[in-house]
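Peer 1: Sharing model-v7.txt below, compact mmCIF, C-alpha atoms and all ligand atoms:
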# COMPACT_ATOMS: atom_id res chain seq x y z
CA MET A 1 146.65 88.95 172.02
CA SER A 2 145.72 92.04 169.98
CA PRO A 3 147.68 95.16 170.93
CA TYR A 4 144.65 97.25 169.90
CA LYS A 5 142.10 98.19 172.54
CA PHE A 6 138.75 99.94 172.78
CA TYR A 7 137.53 102.00 175.71
CA ASP A 8 134.11 103.01 176.97
CA SER A 9 133.46 106.64 175.98
CA VAL A 10 131.65 107.25 179.28
CA SER A 11 133.47 105.22 181.96
CA GLY A 12 136.88 105.04 180.29
CA GLU A 13 137.03 101.29 181.02
CA GLU A 14 139.32 99.40 178.62
CA TYR A 15 138.14 96.45 176.51
CA THR A 16 139.78 93.93 174.22
CA PRO A 17 137.76 93.89 170.97
CA ASP A 18 135.91 90.64 170.41
CA LEU A 19 133.25 89.20 168.13
CA ARG A 20 130.34 89.28 170.54
CA GLN A 21 130.37 92.62 172.33
CA TRP A 22 129.41 95.63 170.22
CA LYS A 23 128.74 98.07 173.06
CA PRO A 24 130.43 98.65 176.42
CA LYS A 25 128.51 99.04 179.69
CA ALA A 26 128.01 102.79 179.78
CA GLY A 27 128.72 104.61 176.50
CA LEU A 28 130.13 103.69 173.11
CA PHE A 29 133.31 101.90 172.12
CA THR A 30 136.10 104.28 171.12
CA MET A 31 139.55 103.33 169.82
CA LYS A 32 142.38 103.64 172.31
CA SER A 33 145.14 105.54 170.55
CA TYR A 34 148.29 103.60 169.67
CA PRO A 35 151.66 104.78 168.32
CA VAL A 36 151.53 105.83 164.66
CA GLU A 37 154.26 106.78 162.21
CA PHE A 38 154.30 108.25 158.71
CA PRO A 39 157.63 107.40 157.08
CA ALA A 40 157.12 109.37 153.84
CA GLU A 41 160.08 107.88 152.00
CA ARG A 42 158.69 104.36 152.52
CA ILE A 43 155.04 105.26 152.00
CA ILE A 44 155.60 106.72 148.52
CA LYS A 45 157.17 103.48 147.28
CA ARG A 46 154.14 101.37 148.17
CA GLN A 47 151.03 100.49 146.15
CA ALA A 48 148.58 103.34 145.59
CA THR A 49 145.96 102.14 148.08
CA MET A 50 144.99 103.23 151.59
CA TRP A 51 147.08 100.33 152.96
CA ARG A 52 150.27 102.27 152.22
CA TYR A 53 149.95 103.88 155.68
CA GLU A 54 150.51 100.57 157.37
CA GLU A 55 152.41 102.07 160.33
CA ALA A 56 149.23 103.94 161.25
CA LEU A 57 146.66 101.15 160.82
CA PRO A 58 145.53 98.69 163.52
CA ILE A 59 146.28 95.66 161.43
CA THR A 60 148.96 93.16 160.53
CA LYS A 61 150.21 93.04 156.95
CA GLU A 62 148.72 89.64 156.20
CA GLU A 63 145.17 90.86 156.69
CA SER A 64 145.50 93.47 153.96
CA SER A 65 145.11 90.65 151.46
CA ILE A 66 141.37 91.44 151.51
CA SER A 67 142.07 94.73 149.70
CA LEU A 68 140.04 95.54 146.58
CA GLY A 69 142.49 98.33 145.74
CA GLU A 70 140.61 100.98 147.74
CA GLY A 71 142.02 104.41 148.48
CA MET A 72 144.38 106.92 146.91
CA THR A 73 141.44 108.49 145.11
CA PRO A 74 142.27 111.63 143.12
CA LEU A 75 142.38 115.03 144.83
CA ILE A 76 141.83 117.64 142.14
CA MET A 77 140.48 121.16 141.70
CA LEU A 78 136.73 121.37 141.07
CA ASP A 79 137.26 123.95 138.33
CA HIS A 80 139.85 126.46 137.21
CA GLU A 81 138.06 129.43 138.73
CA LYS A 82 139.07 128.41 142.24
CA PRO A 83 142.32 126.48 142.12
CA ASN A 84 142.49 125.96 145.89
CA PHE A 85 139.01 124.42 146.16
CA LEU A 86 139.72 120.71 145.83
CA VAL A 87 137.53 117.64 145.66
CA LYS A 88 138.48 114.18 146.91
CA MET A 89 136.96 111.71 144.49
CA ASP A 90 135.95 108.93 146.86
CA TYR A 91 133.06 108.00 144.56
CA LEU A 92 135.70 106.17 142.51
CA MET A 93 136.12 103.54 145.25
CA PRO A 94 135.56 99.82 144.46
CA THR A 95 131.86 99.89 145.41
CA GLY A 96 131.32 103.57 144.60
CA SER A 97 131.57 105.25 148.01
CA PHE A 98 134.00 106.24 150.77
CA LYS A 99 132.53 103.52 152.99
CA ASP A 100 134.97 101.06 151.42
CA ARG A 101 137.71 102.62 153.55
CA GLY A 102 135.97 101.63 156.75
CA ALA A 103 134.61 98.30 155.55
CA ALA A 104 138.05 97.13 154.37
CA ILE A 105 139.53 97.54 157.86
CA LEU A 106 136.43 96.35 159.74
CA ILE A 107 136.08 93.15 157.72
CA ALA A 108 139.84 92.52 157.84
CA LYS A 109 139.48 92.63 161.64
CA ALA A 110 136.39 90.38 161.49
CA LYS A 111 138.49 87.89 159.53
CA GLU A 112 141.36 88.22 161.99
CA MET A 113 138.96 87.47 164.87
CA GLY A 114 137.52 84.48 162.98
CA ALA A 115 133.97 85.69 162.29
CA PRO A 116 132.02 83.15 160.19
CA SER A 117 129.24 85.67 159.53
CA VAL A 118 128.32 89.30 160.14
CA ILE A 119 125.26 91.52 160.42
CA ALA A 120 125.26 95.14 159.22
CA ASP A 121 122.62 97.84 158.89
CA SER A 122 122.83 100.70 156.46
CA SER A 123 121.08 103.30 154.34
CA GLY A 124 122.74 101.56 151.40
CA ASN A 125 126.38 102.43 150.79
CA ALA A 126 127.90 101.01 153.98
CA GLY A 127 125.92 97.79 153.46
CA THR A 128 127.24 97.53 149.92
CA SER A 129 130.81 97.95 151.13
CA ILE A 130 130.44 95.40 153.93
CA ALA A 131 128.85 92.96 151.45
CA ALA A 132 131.73 93.37 148.98
CA TYR A 133 134.49 92.82 151.54
CA CYS A 134 132.64 89.85 153.03
CA ALA A 135 132.47 88.40 149.51
CA ARG A 136 136.21 89.01 149.17
CA THR A 137 136.80 87.25 152.50
CA ASN A 138 134.24 84.45 152.28
CA ILE A 139 132.34 85.65 155.32
CA GLU A 140 128.55 85.21 155.34
CA CYS A 141 126.88 88.62 155.31
CA HIS A 142 123.44 89.87 156.34
CA VAL A 143 122.56 93.46 155.49
CA TYR A 144 119.55 95.27 156.99
CA THR A 145 118.31 98.30 155.06
CA PRO A 146 115.15 100.43 155.05
CA SER A 147 112.75 99.11 152.41
CA SER A 148 112.86 102.58 150.81
CA THR A 149 116.56 102.20 149.89
CA SER A 150 117.29 102.85 146.22
CA GLU A 151 116.94 99.81 143.93
CA LYS A 152 120.47 99.97 142.58
CA LYS A 153 122.03 99.91 146.03
CA LEU A 154 119.89 96.89 146.92
CA ALA A 155 120.86 95.15 143.69
CA GLN A 156 124.55 95.75 144.42
CA ILE A 157 124.28 94.33 147.97
CA LYS A 158 122.59 91.19 146.60
CA ALA A 159 125.09 90.91 143.77
CA HIS A 160 127.89 90.52 146.32
CA GLY A 161 126.04 87.54 147.77
CA ALA A 162 124.77 89.17 150.94
CA GLN A 163 121.38 88.28 152.35
CA LEU A 164 119.20 91.36 152.28
CA HIS A 165 116.71 92.13 155.09
CA LEU A 166 114.35 94.92 154.06
CA ILE A 167 112.84 96.73 157.04
CA PRO A 168 109.74 98.92 156.63
CA GLY A 169 109.87 102.28 158.39
CA THR A 170 112.69 104.57 159.40
CA ARG A 171 116.47 104.13 159.33
CA GLU A 172 116.33 103.82 163.15
CA GLU A 173 113.88 100.92 162.89
CA THR A 174 116.36 99.20 160.57
CA THR A 175 119.12 99.62 163.16
CA ASN A 176 116.85 98.21 165.86
CA ALA A 177 116.03 95.16 163.74
CA ALA A 178 119.74 94.53 163.11
CA LYS A 179 120.61 94.90 166.81
CA GLU A 180 117.83 92.47 167.73
CA ALA A 181 119.22 89.88 165.29
CA VAL A 182 122.75 90.44 166.58
CA GLU A 183 121.63 89.84 170.18
CA LYS A 184 119.50 86.82 169.27
CA GLU A 185 121.99 85.09 166.99
CA GLY A 186 125.25 86.12 168.65
CA VAL A 187 126.68 87.18 165.29
CA PHE A 188 129.43 89.82 164.83
CA TYR A 189 127.84 93.26 164.42
CA ALA A 190 129.77 94.82 161.51
CA SER A 191 128.46 98.26 162.39
CA HIS A 192 129.99 101.29 160.73
CA VAL A 193 128.51 103.38 163.52
CA TYR A 194 129.41 101.43 166.66
CA ASN A 195 132.64 99.63 165.74
CA PRO A 196 135.75 101.87 166.09
CA TYR A 197 137.65 99.83 163.50
CA PHE A 198 135.45 101.35 160.80
CA TYR A 199 136.80 104.82 161.66
CA GLU A 200 140.32 103.40 161.57
CA GLY A 201 139.62 102.89 157.86
CA THR A 202 137.90 106.19 157.11
CA LYS A 203 140.81 108.04 158.75
CA THR A 204 142.94 107.17 155.69
CA PHE A 205 140.96 109.94 153.92
CA ALA A 206 143.11 112.37 155.98
CA PHE A 207 146.38 110.55 155.34
CA GLU A 208 145.88 110.63 151.57
CA ILE A 209 145.01 114.34 151.53
CA TRP A 210 148.15 115.05 153.57
CA GLU A 211 150.30 113.12 151.08
CA GLN A 212 148.54 114.57 148.01
CA LEU A 213 149.06 118.12 149.29
CA ASN A 214 152.75 117.37 149.37
CA PHE A 215 152.74 116.36 153.03
CA ALA A 216 150.63 119.23 154.36
CA ALA A 217 147.14 119.65 155.83
CA PRO A 218 144.47 121.75 154.08
CA ASP A 219 142.85 124.67 155.94
CA THR A 220 139.25 123.51 155.71
CA LEU A 221 137.25 120.35 155.06
CA ILE A 222 133.64 120.29 153.81
CA LEU A 223 132.13 116.93 154.77
CA PRO A 224 128.64 115.43 154.80
CA VAL A 225 127.53 114.19 158.22
CA GLY A 226 124.86 111.69 159.09
CA ASN A 227 126.43 109.20 161.49
CA GLY A 228 129.77 110.93 161.04
CA THR A 229 131.88 107.98 159.89
CA LEU A 230 133.80 110.18 157.44
CA LEU A 231 133.82 113.29 159.63
CA LEU A 232 135.09 111.45 162.71
CA GLY A 233 137.50 109.40 160.60
CA ALA A 234 138.96 112.59 159.10
CA TYR A 235 139.27 114.08 162.58
CA ILE A 236 141.03 110.97 163.93
CA GLY A 237 143.30 110.85 160.87
CA PHE A 238 144.43 114.46 161.11
CA ASN A 239 144.92 113.97 164.85
CA ASP A 240 147.14 110.98 164.11
CA LEU A 241 149.20 113.11 161.72
CA LYS A 242 149.51 115.84 164.34
CA ARG A 243 150.41 113.35 167.06
CA ALA A 244 153.16 111.98 164.83
CA GLY A 245 154.46 115.53 164.35
CA VAL A 246 154.04 115.68 160.55
CA ILE A 247 151.43 118.47 160.63
CA GLN A 248 151.00 121.31 163.11
CA LYS A 249 147.31 122.07 162.79
CA ILE A 250 144.11 120.07 162.22
CA PRO A 251 141.91 121.52 159.43
CA LYS A 252 138.71 123.30 160.31
CA ILE A 253 135.82 120.89 159.75
CA ILE A 254 132.53 122.12 158.25
CA GLY A 255 129.91 119.37 158.55
CA VAL A 256 126.85 119.34 156.28
CA GLN A 257 123.41 118.01 157.25
CA SER A 258 120.11 118.07 155.38
CA GLU A 259 117.74 120.86 156.42
CA TYR A 260 115.08 118.13 156.70
CA CYS A 261 117.09 115.98 159.11
CA ALA A 262 119.56 118.02 161.13
CA PRO A 263 119.90 116.75 164.72
CA ILE A 264 123.60 117.62 164.93
CA GLU A 265 123.26 121.06 163.36
CA THR A 266 120.38 121.85 165.76
CA ALA A 267 122.31 120.76 168.85
CA PHE A 268 125.42 122.60 167.66
CA ARG A 269 123.46 125.82 167.09
CA GLU A 270 121.54 125.57 170.36
CA ASP A 271 124.56 124.38 172.33
CA THR A 272 122.73 121.33 173.68
CA SER A 273 123.13 117.55 173.50
CA VAL A 274 122.00 115.79 170.35
CA SER A 275 118.46 114.47 170.54
CA SER A 276 116.35 112.52 168.10
CA VAL A 277 114.60 114.37 165.27
CA GLU A 278 112.11 113.19 162.69
CA ASN A 279 113.52 112.66 159.20
CA LYS A 280 111.15 114.81 157.15
CA GLY A 281 112.28 113.15 153.93
CA THR A 282 115.27 114.30 151.90
CA LYS A 283 116.95 113.33 148.64
CA ALA A 284 120.21 113.24 150.62
CA GLU A 285 119.45 109.76 151.98
CA GLY A 286 123.06 109.16 153.06
CA ILE A 287 122.86 111.87 155.74
CA ALA A 288 119.25 111.34 156.81
CA ILE A 289 120.01 110.03 160.31
CA GLY A 290 117.42 111.14 162.89
CA TYR A 291 119.46 110.08 165.90
CA PRO A 292 123.20 109.73 165.26
CA ALA A 293 124.69 107.64 168.06
CA ARG A 294 127.96 109.59 168.02
CA GLY A 295 126.29 113.00 167.61
CA ASN A 296 127.92 114.53 170.69
CA GLN A 297 131.36 113.19 169.72
CA ILE A 298 130.88 114.79 166.30
CA ILE A 299 130.06 118.17 167.85
CA GLU A 300 133.09 117.96 170.11
CA ALA A 301 135.35 117.13 167.15
CA VAL A 302 133.97 120.01 165.05
CA LYS A 303 134.37 122.45 167.96
CA ASN A 304 137.95 121.33 168.54
CA THR A 305 138.76 122.38 164.98
CA ASN A 306 136.91 125.73 165.25
CA GLY A 307 134.56 124.42 162.59
CA THR A 308 130.80 124.50 162.27
CA ILE A 309 127.77 122.55 161.05
CA ILE A 310 125.64 123.90 158.21
CA THR A 311 122.58 122.64 156.34
CA ALA A 312 121.78 121.88 152.71
CA PRO A 313 118.55 123.45 151.43
CA GLU A 314 116.49 120.67 149.84
CA ASN A 315 115.43 122.83 146.90
CA GLN A 316 119.05 123.42 145.88
CA ILE A 317 120.19 119.78 145.75
CA ASP A 318 119.10 119.08 142.16
CA ARG A 319 120.73 122.24 140.88
CA ALA A 320 123.97 121.45 142.75
CA LYS A 321 123.92 117.94 141.25
CA LYS A 322 123.53 119.38 137.75
CA ASN A 323 126.35 121.87 138.38
CA LEU A 324 128.67 119.07 139.44
CA GLU A 325 127.63 116.97 136.44
CA ARG A 326 128.36 119.87 134.08
CA LYS A 327 131.84 120.01 135.53
CA GLY A 328 132.29 116.26 134.87
CA PHE A 329 131.44 114.76 138.28
CA TYR A 330 128.63 112.19 138.40
CA VAL A 331 127.73 111.93 142.08
CA GLU A 332 124.76 110.97 144.21
CA PRO A 333 122.34 113.52 145.78
CA THR A 334 123.98 113.28 149.23
CA THR A 335 127.19 114.63 147.71
CA ALA A 336 125.26 117.27 145.76
CA ALA A 337 123.69 118.36 149.07
CA THR A 338 127.19 118.89 150.48
CA TYR A 339 128.07 121.09 147.52
CA ALA A 340 124.77 123.03 147.79
CA ALA A 341 125.49 123.81 151.44
CA TYR A 342 129.07 124.83 150.64
CA LYS A 343 127.90 127.23 147.90
CA ASN A 344 125.72 129.06 150.45
CA TYR A 345 128.56 129.19 152.97
CA GLU A 346 131.43 129.93 150.60
CA GLU A 347 131.65 133.68 151.37
CA ASN A 348 132.72 132.78 154.93
CA ILE A 349 135.84 131.06 153.63
CA ALA A 350 138.87 133.17 152.70
CA ASN A 351 140.09 132.84 149.11
CA THR A 352 143.55 131.97 150.37
CA GLU A 353 142.33 128.85 152.20
CA THR A 354 142.94 125.41 150.76
CA VAL A 355 139.57 123.67 150.99
CA VAL A 356 138.82 120.01 150.42
CA MET A 357 135.29 118.73 149.83
CA SER A 358 134.55 115.05 149.67
CA LEU A 359 132.67 113.59 146.70
CA CYS A 360 131.44 110.61 148.68
CA GLY A 361 129.18 108.53 146.47
CA THR A 362 128.69 107.75 142.78
CA GLY A 363 125.64 108.90 140.86
CA LEU A 364 125.43 105.51 139.14
CA LYS A 365 123.54 104.05 142.10
CA LYS A 366 120.56 106.38 141.72
C1 LIG B 1 127.27 109.04 149.66
C2 LIG B 1 127.27 109.27 151.14
N1 LIG B 1 127.70 110.44 151.59
C3 LIG B 1 127.70 110.69 152.93
C4 LIG B 1 127.25 109.77 153.85
C5 LIG B 1 127.27 110.12 155.29
O1 LIG B 1 128.13 109.34 156.06
P1 LIG B 1 127.95 109.25 157.62
O2 LIG B 1 126.54 108.79 157.89
O3 LIG B 1 128.91 108.28 158.09
O4 LIG B 1 128.17 110.62 158.17
C6 LIG B 1 126.81 108.53 153.41
C7 LIG B 1 126.35 107.52 154.36
O5 LIG B 1 125.78 106.52 154.02
C8 LIG B 1 126.81 108.27 152.02
O6 LIG B 1 126.37 107.11 151.55
Show me, as structure tokens, the structure contained in the file I just sent.
Ligand SMILES: Cc1ncc(COP(=O)(O)O)c(C=O)c1O
Peer 2:
Amino acid sequence: MSPYKFYDSVSGEEYTPDLRQWKPKAGLFTMKSYPVEFPAERIIKRQATMWRYEEALPITKEESSISLGEGMTPLIMLDHEKPNFLVKMDYLMPTGSFKDRGAAILIAKAKEMGAPSVIADSSGNAGTSIAAYCARTNIECHVYTPSSTSEKKLAQIKAHGAQLHLIPGTREETTNAAKEAVEKEGVFYASHVYNPYFYEGTKTFAFEIWEQLNFAAPDTLILPVGNGTLLLGAYIGFNDLKRAGVIQKIPKIIGVQSEYCAPIETAFREDTSVSSVENKGTKAEGIAIGYPARGNQIIEAVKNTNGTIITAPENQIDRAKKNLERKGFYVEPTTAATYAAYKNYEENIANTETVVMSLCGTGLKK
């Protein structure tokens, strides 16, 4: 019997995770917190992967054999002009994005529960990650993506042996097609949005930053937010560190949306619940989510850190991408959008603050 439980975000009812049920009766599945520890003297002797925080992961040691070496990405200064503005180079992950953190844990759990096959839906990067870890684990994988997804992402998903289902229309229509197939075929829904285990992987982003800053939290995080798998993961991770008593304060979180698809920023600004918006078309395809299922959870997390949500102006994305490239970082437009938004917001951040921005995805996929 697994010691790890989910609960319904609305009713609070507790559930034992299983292969069939991807949604509770009323709200969304959320991870029930469990005891975590961060024994620094043991952690530093382990392999340089995200699995080194094993006392804070919902997994038994055996399952980590699916690792592709993910995690412990460099945390370095962007340039010498601002030594306390740091970037976390998650685009150096095995499949080229931070999504590997979540997929590694989610597919390890799928293996643990005995899933013969999975279904995932994605704007590209999450699907690639799920496909790679399924290949590593010999689990059959079906990935649903919008037919507009970039060619290189599609090629990578296929290369890992996943069956690709191209869905015409919006990202939301892709999700609906995947959900329909999940219901019809009774297959495990390896959803980075709905399954809390995914966030148990992305939370290692926080653990690594803590270790790399010599066991301290930064003041501020600049993170892209579409469905919020990194933002919520970072929030959960820093909460774990605080709960364990190894940090005193959770960093302020600044979430970045595209100005052409900003349901969370709009709700945050207007102090309302998140409602669906039309994606007006942005180069930042990774954050173009018209209706993020965990939108209200994201707002609550950001508010709890005294953070905010800002937008990336579309006409500044290319220039931001060039600027990053000229500094040596080859990243995808979604990451450039994050940097563009930060540059407009920068004057609101004190020079003394330690700031970490995530470089989420590689430019090689575009
Ligand atoms: C490169 C990149 N950055 C950021 C994001 C946004 O992540 P999320 O939708 O979980 O907030 C994605 C999502 O696919 C992505 O691929």
Peer 1: Excluding Lys25 in chain A and any residue of its chain fewer than 4 positions from it, enumerate the residues within 12 Å of it, using only C-alpha atoms, and give them as a PyMOL selection string.
Peer 2: chain A and resi 7-15+21+29
Peer 1: Just checking: using all atoms listed in the file, which residue out of A:Ser129, A:Thr204, A:Thr354, A:Asn348 ends up closest to ligand LIG 1 (chain B)?
Peer 2: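 The closest residue to ligand LIG 1 (chain B) is A:Ser129.
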Peer 1: Quick one: of A:Tyr345, A:Phe329, A:Phe205, A:Phe268, who's nearest to Thr73 in chain A, counting only C-alpha atoms?
Peer 2: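 Among the listed residues, the smallest separation from Thr73 in chain A belongs to A:Phe205.
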Peer 1: Around (112.1, 114.2, 157.1) in the file's own coordinates, what residues are found within 12 Å if you use only C-alpha atoms, given back as a list in words?
Peer 2: Thr170, Arg171, Gln257, Ser258, Glu259, Tyr260, Cys261, Ala262, Pro263, Ser276, Val277, Glu278, Asn279, Lys280, Gly281, Thr282, Lys283, Ala284, Glu285, Ile287, Ala288, Ile289, Gly290 and Glu314 of chain A
Peer 1: What lies within 8 Å of Gly161 in chain A using all atoms listed in the file, ignoring chain neighbours under 2 positions off, as number ranges by chain?
Peer 2: A: 131, 135, 141, 157-159, 163
Peer 1: For CA of Ile309 in chain A and CA of Tyr330 in chain A, quote the distance in Å rounded to one decimal.
Peer 2: 24.9 Å
Peer 1: To check your reading of the model: which residues sit at most 7 Å from ligand LIG 1 (chain B) when counting all atoms listed in the file? Write the answer as JSON, numbers by chain.
Peer 2: {"A": [97, 122, 123, 124, 125, 126, 224, 225, 226, 227, 228, 229, 230, 231, 286, 287, 332, 334, 335, 360, 361]}
Peer 1: To one decimal in Å, tell me the separation between CA of Leu78 in chain A and CA of Phe98 in chain A.
Peer 2: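 Separating CA of Leu78 in chain A from CA of Phe98 in chain A is a distance of 18.2 Å.
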